There are 2 protein chains.
Amino acid sequence: MELDLGQDVVALTAALVDIESVSRNEAPIADAIEHALRELDHLEVTRLGNSLVARTHLARAERVVIAGHVDTVPLNANLPSRNDGTVLHGLGSCDMKGGVAVALKLAAGVPEPDRDVTYVFYECEEIEATANGLGKIAEARPDLLVAELAILMEPSDGVVEAGCQGTLRVEVVTRGERAHSARAWRGVNAIHRAADVLARLDDYEPRRPVIDGLEYHEGLNAVLIEGGVAANVLPDQCTVTVNYRFAPDRSEEDALAFVRAFFEGYEIELTDTSPGALPGLGLPAAKAFVDAVGGTVNPKFGWTDVARFSALGMAAVNYGPGDPMLAHKQEEHVPLAQLTGCEQTLRRWLGAP
Amino acid sequence: MELDLGQDVVALTAALVDIESVSRNEAPIADAIEHALRELDHLEVTRLGNSLVARTHLARAERVVIAGHVDTVPLNANLPSRNDGTVLHGLGSCDMKGGVAVALKLAAGVPEPDRDVTYVFYECEEIEATANGLGKIAEARPDLLVAELAILMEPSDGVVEAGCQGTLRVEVVTRGERAHSARAWRGVNAIHRAADVLARLDDYEPRRPVIDGLEYHEGLNAVLIEGGVAANVLPDQCTVTVNYRFAPDRSEEDALAFVRAFFEGYEIELTDTSPGALPGLGLPAAKAFVDAVGGTVNPKFGWTDVARFSALGMAAVNYGPGDPMLAHKQEEHVPLAQLTGCEQTLRRWLGAP
């Protein structure tokens, strides 16, 4: 598969969308990107699995990462791409081959950026965390990711979304004692005991801390509930799965301690946890980036791989074309104007004319 | 298969247990019972499907039904039967081939009872109500069931359990609005809305009405709960399945009206309903039966086919060997003394020496 980095960003996005790359099937798109990057003499290219890292070596005072994942969620009758003149439709157009196309255009079209750039195109973002290509690079070759700032080109409607909230899940379990429902007084109903768990959730008031001038907004929600043995049996167990989205001023440990205290008196099992990422807007590189893209910054509520960069000790922001609410939807699409707009903005920020 | 009604009730129970008759596989046991009954000149035998009705015609002042189902729940490594000298073990020993054996002993051994008797041995009690053999007889040949009193020989530990409570199930549904759990304020959590549904259940105080001197005991219980779309999505629906066991002084309509009022403000869907049966202990036939078996009567909390007799306008009680708590258990068994005790008691009640 040949990938022409000389074509415009819209055509390049369409070409990337048309290379199907559902998670674990990234080899063809990684091959195409690798081949195109290796044509560019100003970049040092490293491949790990189906992830690629391409770096300028201009001895600039500052180095930034520009990153995007190349995989998509499963097909949903939404390939090939279709350009209707205003937006480009198709699987991955929004999440996030538009952002990948912008990054590739910069890699090819800005050979002498005024900050050194590390481009990262990685696999397996849409599946379990252990498969994540960025995580694998961070583990195997952390040296490749050293920089002051990372721009993660996840869809953010072309506006900077700084940091991200953390997320954890616990199972809150209530227990009872089985009995025939015709003789209920011989047992204890575990589902009834969950009344108080849900009442606490219903009364929850979210924290909305302001960090670097951005107001985050936490959330504590039952996302699943299940209980019951049979239609004529008092249930002896009820499990409420609760998802806590926490602002990045809380560590995972703090977040879990909060949840434990919130559900005091109940059995809690932690099933899943990922840290947040502080916006880091005080850092000069981040400040300069925000100024370059027009000054508007929003907090990022959803969890993204910026947290991985944050864990490596660098500032990280989300910035890319496409409406994040369209990610993973059958009808996902990206406005053509956002593709060209993001490319222009980042070119300027890298000092290109 | 030959069935010797001359052997003692314990051996006969063992023989019946050893004819496997899981619901829908009652043909062999029905054949054996039919063959044995047709040898008895004092009985008129009618077969419907795998159910049998055998009647004396002695022009007595009173007619009673003595009934039992011949099917069992599925096998659970509990065949063949095993007699340990005190109890008989095996699938159906308790629920309810012990009772069927007693009835068959009476059918063969009391040719001239002082009340006319209609013996009913029926199929498919352990599965969906539409397959129930007693229900099919009531529909196709209600004339066969005309009597003043019915004795249903379900396990009741050899004590009369009068009437039965009704049962109905509703689904109580709460609704919300989906949203990503990282932006919870954009949606409405349907599981949180179920807090009040469970709180009402938790606060419920059961009615315990006294009817014919018996204290019934109602119950209103969540037996199943489910809600949730995915671990990162605010759920838009939560469904609580509630089972109401109601005393037989309430009709199905009254019971449903109570549940609707109890869950006022919520969507309710009725999924299942069966009426209770009044104890009917004021009826002379029932009174005489209670006196004959020693005077002790308990209310029946679980639903049984006595409700079908009650719906046909006759008094009906549960009376049979075996602990009802062992029904449907792998280790079900029946005490030998209860088998012989029940047989003796009923022989006496039928005027046999």
# chains A, B, ... in the order shown; residues from 1 in each chain; ligands from 1

call {"tool": "closest_atom_pairs", "arguments": {"of": "chain B", "to": "chain A", "cutoff": "7 Å", "atoms": "only C-alpha atoms", "output": "tab-separated table"}}
result
residue	atom	partner	partner_atom	distance
B:Ala182	CA	A:Gly302	CA	5.0
B:Arg183	CA	A:Phe301	CA	6.5
B:Ala184	CA	A:Gly219	CA	6.1
B:Ile191	CA	A:Ala222	CA	6.4
B:His192	CA	A:Leu198	CA	5.3
B:Ala195	CA	A:Leu198	CA	4.8
B:Leu198	CA	A:Ala195	CA	4.8
B:Ala199	CA	A:Ala195	CA	5.1
B:Leu201	CA	A:His192	CA	6.4
B:Asp202	CA	A:His192	CA	5.3
B:Gly219	CA	A:Ala184	CA	6.1
B:Ala222	CA	A:Ile191	CA	6.4
B:Val223	CA	A:Gly228	CA	5.3
B:Leu224	CA	A:Gly228	CA	4.2
B:Ile225	CA	A:Gly227	CA	5.3
B:Glu226	CA	A:Glu226	CA	4.8
B:Gly227	CA	A:Ile225	CA	5.3
B:Gly228	CA	A:Leu224	CA	4.2
B:Ala230	CA	A:Val223	CA	6.7
B:Ala231	CA	A:Val223	CA	5.6
B:Asn232	CA	A:Val223	CA	6.8
B:Val233	CA	A:Val223	CA	6.3
B:Leu234	CA	A:Val223	CA	5.7
B:Pro235	CA	A:Val223	CA	5.9
B:Arg245	CA	A:Ala182	CA	6.0
B:Phe301	CA	A:Ala182	CA	5.6
B:Gly302	CA	A:Ala182	CA	5.0

call {"tool": "write_last_selection", "arguments": {"atoms": "N, CA and C atoms", "output": "compact mmCIF listing (two decimals), in the first residue's frame"}}
result
# COMPACT_ATOMS: atom_id res chain seq x y z
N ALA B 182 -17.93 9.76 31.71
CA ALA B 182 -16.99 10.85 31.98
C ALA B 182 -17.69 12.21 31.92
N ARG B 183 -18.90 12.24 31.39
CA ARG B 183 -19.68 13.49 31.30
C ARG B 183 -21.09 13.19 31.79
N ALA B 184 -21.13 12.75 33.05
CA ALA B 184 -22.39 12.21 33.60
C ALA B 184 -23.50 13.25 33.63
N ILE B 191 -30.19 3.66 37.07
CA ILE B 191 -29.93 2.79 38.24
C ILE B 191 -30.07 3.60 39.53
N HIS B 192 -29.55 4.83 39.53
CA HIS B 192 -29.72 5.66 40.74
C HIS B 192 -31.20 5.87 41.03
N ALA B 195 -33.09 3.63 43.44
CA ALA B 195 -32.84 3.69 44.89
C ALA B 195 -34.16 3.72 45.64
N LEU B 198 -36.08 0.37 45.66
CA LEU B 198 -35.54 -0.59 46.63
C LEU B 198 -35.80 -0.13 48.06
N ALA B 199 -35.77 1.18 48.28
CA ALA B 199 -36.02 1.68 49.64
C ALA B 199 -37.46 1.36 50.04
N LEU B 201 -39.20 -1.16 49.04
CA LEU B 201 -39.23 -2.60 49.32
C LEU B 201 -38.62 -2.89 50.68
N ASP B 202 -37.53 -2.17 50.97
CA ASP B 202 -36.83 -2.41 52.24
C ASP B 202 -37.72 -2.03 53.42
N GLY B 219 -45.40 -11.44 51.31
CA GLY B 219 -44.02 -11.06 51.04
C GLY B 219 -43.96 -10.26 49.75
N ALA B 222 -37.88 -8.00 45.73
CA ALA B 222 -37.11 -7.95 44.49
C ALA B 222 -36.44 -9.31 44.35
N VAL B 223 -36.66 -9.98 43.23
CA VAL B 223 -36.01 -11.27 43.01
C VAL B 223 -34.93 -11.17 41.93
N LEU B 224 -35.04 -10.16 41.09
CA LEU B 224 -34.01 -9.91 40.07
C LEU B 224 -33.86 -8.40 39.91
N ILE B 225 -32.63 -7.98 39.58
CA ILE B 225 -32.43 -6.58 39.19
C ILE B 225 -31.42 -6.56 38.08
N GLU B 226 -31.68 -5.76 37.08
CA GLU B 226 -30.66 -5.60 36.05
C GLU B 226 -30.73 -4.21 35.44
N GLY B 227 -29.53 -3.70 35.14
CA GLY B 227 -29.43 -2.41 34.51
C GLY B 227 -28.01 -2.22 34.05
N GLY B 228 -27.81 -1.39 33.01
CA GLY B 228 -26.47 -1.11 32.57
C GLY B 228 -26.29 -1.39 31.11
N ALA B 230 -22.88 -0.38 29.45
CA ALA B 230 -21.45 -0.68 29.35
C ALA B 230 -20.78 0.01 30.53
N ALA B 231 -19.54 -0.37 30.79
CA ALA B 231 -18.86 0.09 31.99
C ALA B 231 -18.53 1.58 31.96
N ASN B 232 -18.72 2.23 30.81
CA ASN B 232 -18.44 3.67 30.72
C ASN B 232 -19.64 4.47 30.23
N VAL B 233 -20.83 3.91 30.43
CA VAL B 233 -22.05 4.58 29.95
C VAL B 233 -23.06 4.69 31.09
N LEU B 234 -23.64 5.89 31.23
CA LEU B 234 -24.76 6.03 32.17
C LEU B 234 -25.93 5.22 31.67
N PRO B 235 -26.47 4.34 32.52
CA PRO B 235 -27.55 3.45 32.09
C PRO B 235 -28.87 4.20 31.92
N ARG B 245 -46.16 -12.25 47.08
CA ARG B 245 -46.89 -13.43 47.57
C ARG B 245 -48.01 -12.90 48.44
N PHE B 301 -47.87 -21.36 52.52
CA PHE B 301 -47.33 -20.09 52.02
C PHE B 301 -47.01 -20.17 50.53
N GLY B 302 -46.45 -21.28 50.10
CA GLY B 302 -46.09 -21.42 48.69
C GLY B 302 -47.33 -21.67 47.85

call {"tool": "residues_around", "arguments": {"residues": "Ser21 in chain B", "least_positions_apart": "4", "cutoff": "6 Å", "atoms": "only C-alpha atoms", "output": "ChimeraX atom specification"}}
result
/B:25-26,71

call {"tool": "closest_residue", "arguments": {"among": "A:Val172, A:Leu52, A:Val70, A:Ala11", "to": "Leu91 in chain A", "atoms": "only C-alpha atoms"}}
result
A:Val70

call {"tool": "residues_around", "arguments": {"residues": "range 254-267 of chain B", "least_positions_apart": "2", "cutoff": "7 Å", "atoms": "only C-alpha atoms", "output": "PyMOL selection string"}}
result
chain B and resi 172-174+246+250-252+269

call {"tool": "select_by_dssp", "arguments": {"residues": "range 124-317 of chain B", "states": "strand (DSSP E)", "output": "number ranges by chain"}}
result
B: 149-152, 160-162, 166-175, 210-211, 214-215, 219-228, 237-246, 267-274, 297-299, 315-317

call {"tool": "select_by_dssp", "arguments": {"residues": "range 121-313 of chain B", "states": "helix (DSSP H, G or I)", "output": "JSON, numbers by chain"}}
result
{"B": [129, 130, 131, 133, 134, 135, 136, 137, 138, 139, 140, 142, 143, 144, 145, 181, 182, 183, 184, 185, 186, 190, 191, 192, 193, 195, 196, 197, 198, 199, 200, 201, 202, 203, 252, 253, 254, 255, 256, 257, 258, 259, 260, 261, 262, 284, 285, 286, 287, 288, 289, 290, 291, 292, 306, 307, 308, 309, 310, 311]}

call {"tool": "residues_around", "arguments": {"residues": "Pro324 in chain B", "least_positions_apart": "3", "cutoff": "9 Å", "atoms": "only C-alpha atoms", "output": "PyMOL selection string"}}
result
chain B and resi 94-95+154-157+321+327

call {"tool": "write_last_selection", "arguments": {"atoms": "N, CA and C atoms", "output": "short mmCIF file (atom, residue, chain, number, x, y, z; two decimals), in the first residue's frame"}}
result
data_model
loop_
_atom_site.label_atom_id
_atom_site.label_comp_id
_atom_site.auth_asym_id
_atom_site.auth_seq_id
_atom_site.Cartn_x
_atom_site.Cartn_y
_atom_site.Cartn_z
N CYS B 94 -39.62 -37.25 47.67
CA CYS B 94 -40.34 -36.27 48.47
C CYS B 94 -41.40 -35.56 47.62
N ASP B 95 -41.00 -35.11 46.44
CA ASP B 95 -41.88 -34.28 45.59
C ASP B 95 -42.14 -35.01 44.28
N GLU B 154 -49.11 -33.02 47.90
CA GLU B 154 -47.78 -32.40 47.89
C GLU B 154 -47.15 -32.57 49.27
N PRO B 155 -45.81 -32.64 49.35
CA PRO B 155 -45.17 -32.83 50.65
C PRO B 155 -45.55 -31.71 51.62
N SER B 156 -46.03 -32.07 52.80
CA SER B 156 -46.38 -31.08 53.83
C SER B 156 -46.00 -31.64 55.20
N ASP B 157 -45.05 -32.57 55.21
CA ASP B 157 -44.56 -33.15 56.46
C ASP B 157 -45.67 -33.87 57.21
N PRO B 321 -46.74 -36.83 52.62
CA PRO B 321 -45.48 -37.15 53.28
C PRO B 321 -44.33 -36.36 52.66
N ALA B 327 -38.06 -30.35 48.61
CA ALA B 327 -38.50 -30.45 47.22
C ALA B 327 -37.47 -29.78 46.30
#
